[in-house]
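Asks: This is the structure I want to talk about, given as structure tokens.
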Amino acid sequence: MQQQAAKPHGDAPEDLANPWIVHRKEEKFACSFFSVRSDTVAHGRRLPRTYNSIRMKSPGVSIAPIDSDGRVTLIGQYRYVLDRFTWELPGGGCKPEQTPIEAATAELSEETGYLADHWLRLFDASLAPGTIEGSTHCFVAWGLQAGMPHPEPEERLSQRRVSFDEAVSMVLSGEISNFSSTTLLLGIQVKFARNELPADLATLLHRQKRG
């Protein structure tokens, strides 16, 4: 008698259905960047409970600028919330009137001075989806033209130009820990290893390996 193969967990339609029942939505705090909600919800047949969450008012952008030597420019700054200095990829938030590519172009220019001839939106990333509603659009930029950075008044930024391989090593060592920066750099690495990047971008990454 032939046995029927078991269905992989997660394939059943009921696994994809929304199990949450919302009894009340209540905004506790709001600013220009996000709001904090304290909703009353129930999960399936469980009793209602309070679910606190942060709702971002606009998405973020993160950019990996690859120059003609196959190097990446990192941005360093002292982060108030973390209370320490960090190295990250350039990035920021989208203004209401901006598309993600417009925001990425503006942030790259502000923080590094670069303008880019070529852009690739690699993927969108979510951070802590259990508590934060928000996403970051992750881009690769190449064909760079140098210019003068013009950061915002509260941004005191340092720049560090490293090989792409070194940037990946900084992720693996924990020196780069910003979530969108780590996922973007590792995503580029995987795409590169699979030969899934545009040919001219892949050539730049091969160039830094030869250098």
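By order of appearance in the structure tokens: chains A, B, ..., then residues from 1 within every chain, and ligands from 1 in the order shown.
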Contacts between region 51-64 of chain A and region 87-202 of chain A, please, where a residue of region 87-202 of chain A counts if it comes within 8 Å (with only C-alpha atoms); show its shortest atom pair and distance in Å to one decimal, rows by chain and ascending number, as CSV.
Replies:
```
residue,atom,partner,partner_atom,distance
A:Leu89,CA,A:Ala64,CA,6.0
A:Pro90,CA,A:Ile63,CA,5.5
A:Gly91,CA,A:Ser62,CA,4.3
A:Gly92,CA,A:Val61,CA,5.5
A:Gly93,CA,A:Gly60,CA,4.2
A:Cys94,CA,A:Gly60,CA,5.8
A:Lys95,CA,A:Ser58,CA,7.0
A:Pro96,CA,A:Ser58,CA,6.9
A:Pro100,CA,A:Val61,CA,6.8
A:Ala103,CA,A:Val61,CA,7.0
A:Ala104,CA,A:Val61,CA,5.8
A:Leu108,CA,A:Ile63,CA,7.1
A:Gly130,CA,A:Ser53,CA,7.9
A:Thr131,CA,A:Ser53,CA,4.7
A:Ile132,CA,A:Ile54,CA,4.7
A:Glu133,CA,A:Arg55,CA,4.8
A:Gly134,CA,A:Met56,CA,5.3
A:Ser135,CA,A:Pro59,CA,5.2
A:Thr136,CA,A:Gly60,CA,4.3
A:His137,CA,A:Val61,CA,4.7
A:Cys138,CA,A:Ser62,CA,4.9
A:Phe139,CA,A:Ile63,CA,4.8
A:Val140,CA,A:Ala64,CA,4.8
A:Ala141,CA,A:Ala64,CA,6.1
A:Ser180,CA,A:Ser62,CA,6.4
A:Ser181,CA,A:Ser62,CA,6.8
A:Leu184,CA,A:Ala64,CA,7.4
A:Leu185,CA,A:Ala64,CA,7.3
```
Asks: Store the residues picked out above, limited to N, CA and C atoms, as a tab-separated table (two decimals), in the first residue's frame.
Replies:
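And here is the file that came out, result15.tsv:
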```tsv
chain	number	residue	atom	x	y	z
A	89	LEU	N	25.76	51.40	6.35
A	89	LEU	CA	25.61	51.90	4.99
A	89	LEU	C	24.84	53.21	5.02
A	90	PRO	N	25.01	54.07	4.02
A	90	PRO	CA	24.20	55.29	3.96
A	90	PRO	C	22.72	54.94	3.92
A	91	GLY	N	21.90	55.81	4.49
A	91	GLY	CA	20.46	55.55	4.46
A	91	GLY	C	19.70	56.57	5.27
A	92	GLY	N	18.40	56.40	5.29
A	92	GLY	CA	17.53	57.32	6.03
A	92	GLY	C	16.08	57.00	5.75
A	93	GLY	N	15.22	57.99	5.88
A	93	GLY	CA	13.79	57.79	5.70
A	93	GLY	C	13.26	58.47	4.46
A	94	CYS	N	12.12	57.98	3.98
A	94	CYS	CA	11.43	58.59	2.85
A	94	CYS	C	10.53	59.72	3.35
A	95	LYS	N	10.60	60.86	2.70
A	95	LYS	CA	9.63	61.91	2.97
A	95	LYS	C	8.32	61.55	2.27
A	96	PRO	N	7.18	62.10	2.76
A	96	PRO	CA	5.88	61.71	2.18
A	96	PRO	C	5.80	61.89	0.68
A	100	PRO	N	10.73	55.65	-3.10
A	100	PRO	CA	11.95	55.07	-2.48
A	100	PRO	C	13.23	55.41	-3.23
A	103	ALA	N	14.21	58.99	-2.46
A	103	ALA	CA	14.76	59.10	-1.11
A	103	ALA	C	16.18	58.53	-1.06
A	104	ALA	N	16.40	57.39	-1.74
A	104	ALA	CA	17.74	56.78	-1.74
A	104	ALA	C	18.75	57.70	-2.43
A	108	LEU	N	21.92	59.26	-0.35
A	108	LEU	CA	23.28	58.98	-0.80
A	108	LEU	C	24.06	60.27	-1.02
A	130	GLY	N	7.25	41.69	14.94
A	130	GLY	CA	6.36	41.45	16.06
A	130	GLY	C	6.00	42.71	16.81
A	131	THR	N	6.82	43.76	16.66
A	131	THR	CA	6.57	44.99	17.42
A	131	THR	C	6.59	46.26	16.57
A	132	ILE	N	7.23	46.21	15.39
A	132	ILE	CA	7.38	47.42	14.57
A	132	ILE	C	6.81	47.17	13.18
A	133	GLU	N	5.88	48.04	12.77
A	133	GLU	CA	5.38	48.01	11.40
A	133	GLU	C	6.21	49.01	10.60
A	134	GLY	N	7.04	48.51	9.71
A	134	GLY	CA	7.89	49.38	8.92
A	134	GLY	C	8.79	48.55	8.04
A	135	SER	N	9.26	49.13	6.95
A	135	SER	CA	10.14	48.41	6.04
A	135	SER	C	11.24	49.32	5.56
A	136	THR	N	12.33	48.71	5.10
A	136	THR	CA	13.45	49.44	4.52
A	136	THR	C	13.69	48.92	3.12
A	137	HIS	N	13.74	49.83	2.14
A	137	HIS	CA	14.03	49.49	0.76
A	137	HIS	C	15.55	49.48	0.58
A	138	CYS	N	16.09	48.36	0.14
A	138	CYS	CA	17.54	48.17	0.07
A	138	CYS	C	18.03	48.24	-1.37
A	139	PHE	N	18.96	49.16	-1.62
A	139	PHE	CA	19.46	49.44	-2.97
A	139	PHE	C	20.97	49.22	-3.06
A	140	VAL	N	21.40	48.89	-4.28
A	140	VAL	CA	22.82	48.96	-4.64
A	140	VAL	C	22.96	50.10	-5.64
A	141	ALA	N	23.99	50.93	-5.47
A	141	ALA	CA	24.25	52.05	-6.37
A	141	ALA	C	25.66	51.93	-6.92
A	180	SER	N	19.49	46.67	8.38
A	180	SER	CA	19.37	46.84	6.93
A	180	SER	C	20.74	46.79	6.26
A	181	SER	N	21.78	47.29	6.93
A	181	SER	CA	23.13	47.23	6.36
A	181	SER	C	23.61	45.79	6.26
A	184	LEU	N	21.58	43.85	3.56
A	184	LEU	CA	21.90	44.30	2.20
A	184	LEU	C	23.27	43.79	1.76
A	185	LEU	N	24.29	43.93	2.61
A	185	LEU	CA	25.62	43.48	2.24
A	185	LEU	C	25.65	41.96	2.02
```
Asks: So which residues touch Gly70 (chain A) within 7 Å, counting only C-alpha atoms, skipping near sequence neighbours fewer than 2 positions away, as a VMD selection string?
Replies: chain A and resid 66 to 68 72 163 to 164 204 to 205 207 to 208
Asks: With C-alpha atoms kept, could you save the residues just selected as a PDB file, in the first residue's frame?
Replies:
```pdb
ATOM      1  CA  ILE A  66      30.005  50.415  -4.970  1.00  0.00           C
ATOM      2  CA  ASP A  67      32.737  52.551  -6.546  1.00  0.00           C
ATOM      3  CA  SER A  68      34.949  51.897  -9.581  1.00  0.00           C
ATOM      4  CA  VAL A  72      31.979  50.340  -0.375  1.00  0.00           C
ATOM      5  CA  SER A 163      36.643  46.623  -0.008  1.00  0.00           C
ATOM      6  CA  PHE A 164      33.341  44.805  -0.396  1.00  0.00           C
ATOM      7  CA  LEU A 204      33.349  45.848  -9.980  1.00  0.00           C
ATOM      8  CA  LEU A 205      33.171  43.219  -7.240  1.00  0.00           C
ATOM      9  CA  ARG A 207      37.907  43.995  -9.459  1.00  0.00           C
ATOM     10  CA  GLN A 208      38.189  44.473  -5.685  1.00  0.00           C
TER      11      GLN A 208
END
```
Asks: Could you pull out all residues of region 73-207 of chain A with a DSSP call of helix (DSSP H, G or I) and give them as a VMD selection string?
Replies: chain A and resid 100 to 112 164 to 173 179 to 193 199 to 207
Asks: If you count only C-alpha atoms, which residues fall within 10 Å of Ala167 (chain A), apart from same-chain ones fewer than 4 positions away, as a list in words?
Replies: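 Surrounding residues, per the criterion: Arg71, Val72, Thr73, Leu74, Trp87, Glu88, Leu89, Arg161, Val162, Ser163, Val171, Leu172, Ser173, Glu175, Ile176, Ser181, Thr182, Leu185 and Leu186 of chain A.
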Asks: Please save N, CA and C atoms of the selected residues as an mmCIF file, in the first residue's frame.
Replies:
```cif
data_model
loop_
_atom_site.group_PDB
_atom_site.id
_atom_site.type_symbol
_atom_site.label_atom_id
_atom_site.label_comp_id
_atom_site.auth_asym_id
_atom_site.auth_seq_id
_atom_site.Cartn_x
_atom_site.Cartn_y
_atom_site.Cartn_z
ATOM 1 N N ARG A 71 34.874 49.111 -4.093
ATOM 2 C CA ARG A 71 34.863 49.400 -2.661
ATOM 3 C C ARG A 71 33.528 50.001 -2.238
ATOM 4 N N VAL A 72 33.227 49.859 -0.957
ATOM 5 C CA VAL A 72 31.979 50.340 -0.375
ATOM 6 C C VAL A 72 32.295 51.504 0.570
ATOM 7 N N THR A 73 31.502 52.555 0.502
ATOM 8 C CA THR A 73 31.649 53.662 1.448
ATOM 9 C C THR A 73 30.679 53.476 2.599
ATOM 10 N N LEU A 74 31.222 53.401 3.816
ATOM 11 C CA LEU A 74 30.420 53.266 5.029
ATOM 12 C C LEU A 74 30.319 54.615 5.720
ATOM 13 N N TRP A 87 29.199 51.817 12.488
ATOM 14 C CA TRP A 87 29.434 51.893 11.044
ATOM 15 C C TRP A 87 28.231 51.283 10.345
ATOM 16 N N GLU A 88 27.718 51.986 9.341
ATOM 17 C CA GLU A 88 26.517 51.558 8.627
ATOM 18 C C GLU A 88 26.649 51.931 7.156
ATOM 19 N N LEU A 89 25.765 51.399 6.347
ATOM 20 C CA LEU A 89 25.609 51.896 4.986
ATOM 21 C C LEU A 89 24.839 53.213 5.021
ATOM 22 N N ARG A 161 36.024 53.982 3.546
ATOM 23 C CA ARG A 161 35.944 53.281 2.260
ATOM 24 C C ARG A 161 36.689 51.961 2.386
ATOM 25 N N VAL A 162 35.961 50.848 2.222
ATOM 26 C CA VAL A 162 36.554 49.520 2.417
ATOM 27 C C VAL A 162 36.209 48.642 1.222
ATOM 28 N N SER A 163 36.985 47.588 1.030
ATOM 29 C CA SER A 163 36.643 46.623 -0.008
ATOM 30 C C SER A 163 35.315 45.955 0.346
ATOM 31 N N VAL A 171 30.442 42.720 8.855
ATOM 32 C CA VAL A 171 29.116 42.204 9.244
ATOM 33 C C VAL A 171 29.281 40.941 10.084
ATOM 34 N N LEU A 172 30.091 40.020 9.609
ATOM 35 C CA LEU A 172 30.239 38.729 10.286
ATOM 36 C C LEU A 172 30.920 38.852 11.643
ATOM 37 N N SER A 173 31.733 39.896 11.819
ATOM 38 C CA SER A 173 32.392 40.105 13.106
ATOM 39 C C SER A 173 31.527 40.914 14.074
ATOM 40 N N GLU A 175 30.983 44.169 13.661
ATOM 41 C CA GLU A 175 31.362 45.577 13.624
ATOM 42 C C GLU A 175 30.298 46.410 12.916
ATOM 43 N N ILE A 176 29.666 45.819 11.898
ATOM 44 C CA ILE A 176 28.466 46.404 11.291
ATOM 45 C C ILE A 176 27.288 45.596 11.804
ATOM 46 N N SER A 181 21.776 47.291 6.929
ATOM 47 C CA SER A 181 23.127 47.229 6.364
ATOM 48 C C SER A 181 23.608 45.786 6.265
ATOM 49 N N THR A 182 23.399 45.009 7.314
ATOM 50 C CA THR A 182 23.875 43.622 7.297
ATOM 51 C C THR A 182 23.134 42.795 6.249
ATOM 52 N N LEU A 185 24.285 43.933 2.612
ATOM 53 C CA LEU A 185 25.618 43.477 2.237
ATOM 54 C C LEU A 185 25.654 41.962 2.015
ATOM 55 N N LEU A 186 25.011 41.210 2.890
ATOM 56 C CA LEU A 186 24.993 39.751 2.718
ATOM 57 C C LEU A 186 24.146 39.351 1.515
#
```
Asks: What lies within 9 Å of Pro19 (chain A) using only C-alpha atoms, ignoring chain neighbours under 6 positions off, as a ChimeraX atom specification?
Replies: /A:42-45
Asks: If you run DSSP on this backbone, which residues of region 51-169 of chain A come out as strand (DSSP E or B), and could you give them as a count of residues only?
Replies: 61
Asks: Taking only C-alpha atoms into account, which of A:Gly187, A:Asp117, A:Asp165, A:Phe123 comes nearest Asp200 (chain A)?
Replies: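 Using only C-alpha atoms, Asp200 (chain A) sits closest to A:Asp117.
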Asks: Excluding same-chain residues fewer than 3 positions from Val41 (chain A), what lies within 8 Å of it counting only C-alpha atoms, as a list of chain:residue names?
Replies: A:Trp20, A:Ile21, A:Val22, A:His23, A:Arg24, A:Pro48, A:Arg49, A:Thr50, A:Tyr51
Asks: Any idea what's packed within 10 Å of Glu155 (chain A), counting only C-alpha atoms, ignoring anything in its chain fewer than 6 positions away? Could you give it as a list in words?
Replies: Gly76, Gln77, Tyr78, Arg79 and Glu111 of chain A
Asks: Distance CA of Thr112 (chain A)-CA of Phe179 (chain A), one decimal place?
Replies: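 These two atoms are separated by 20.0 Å.
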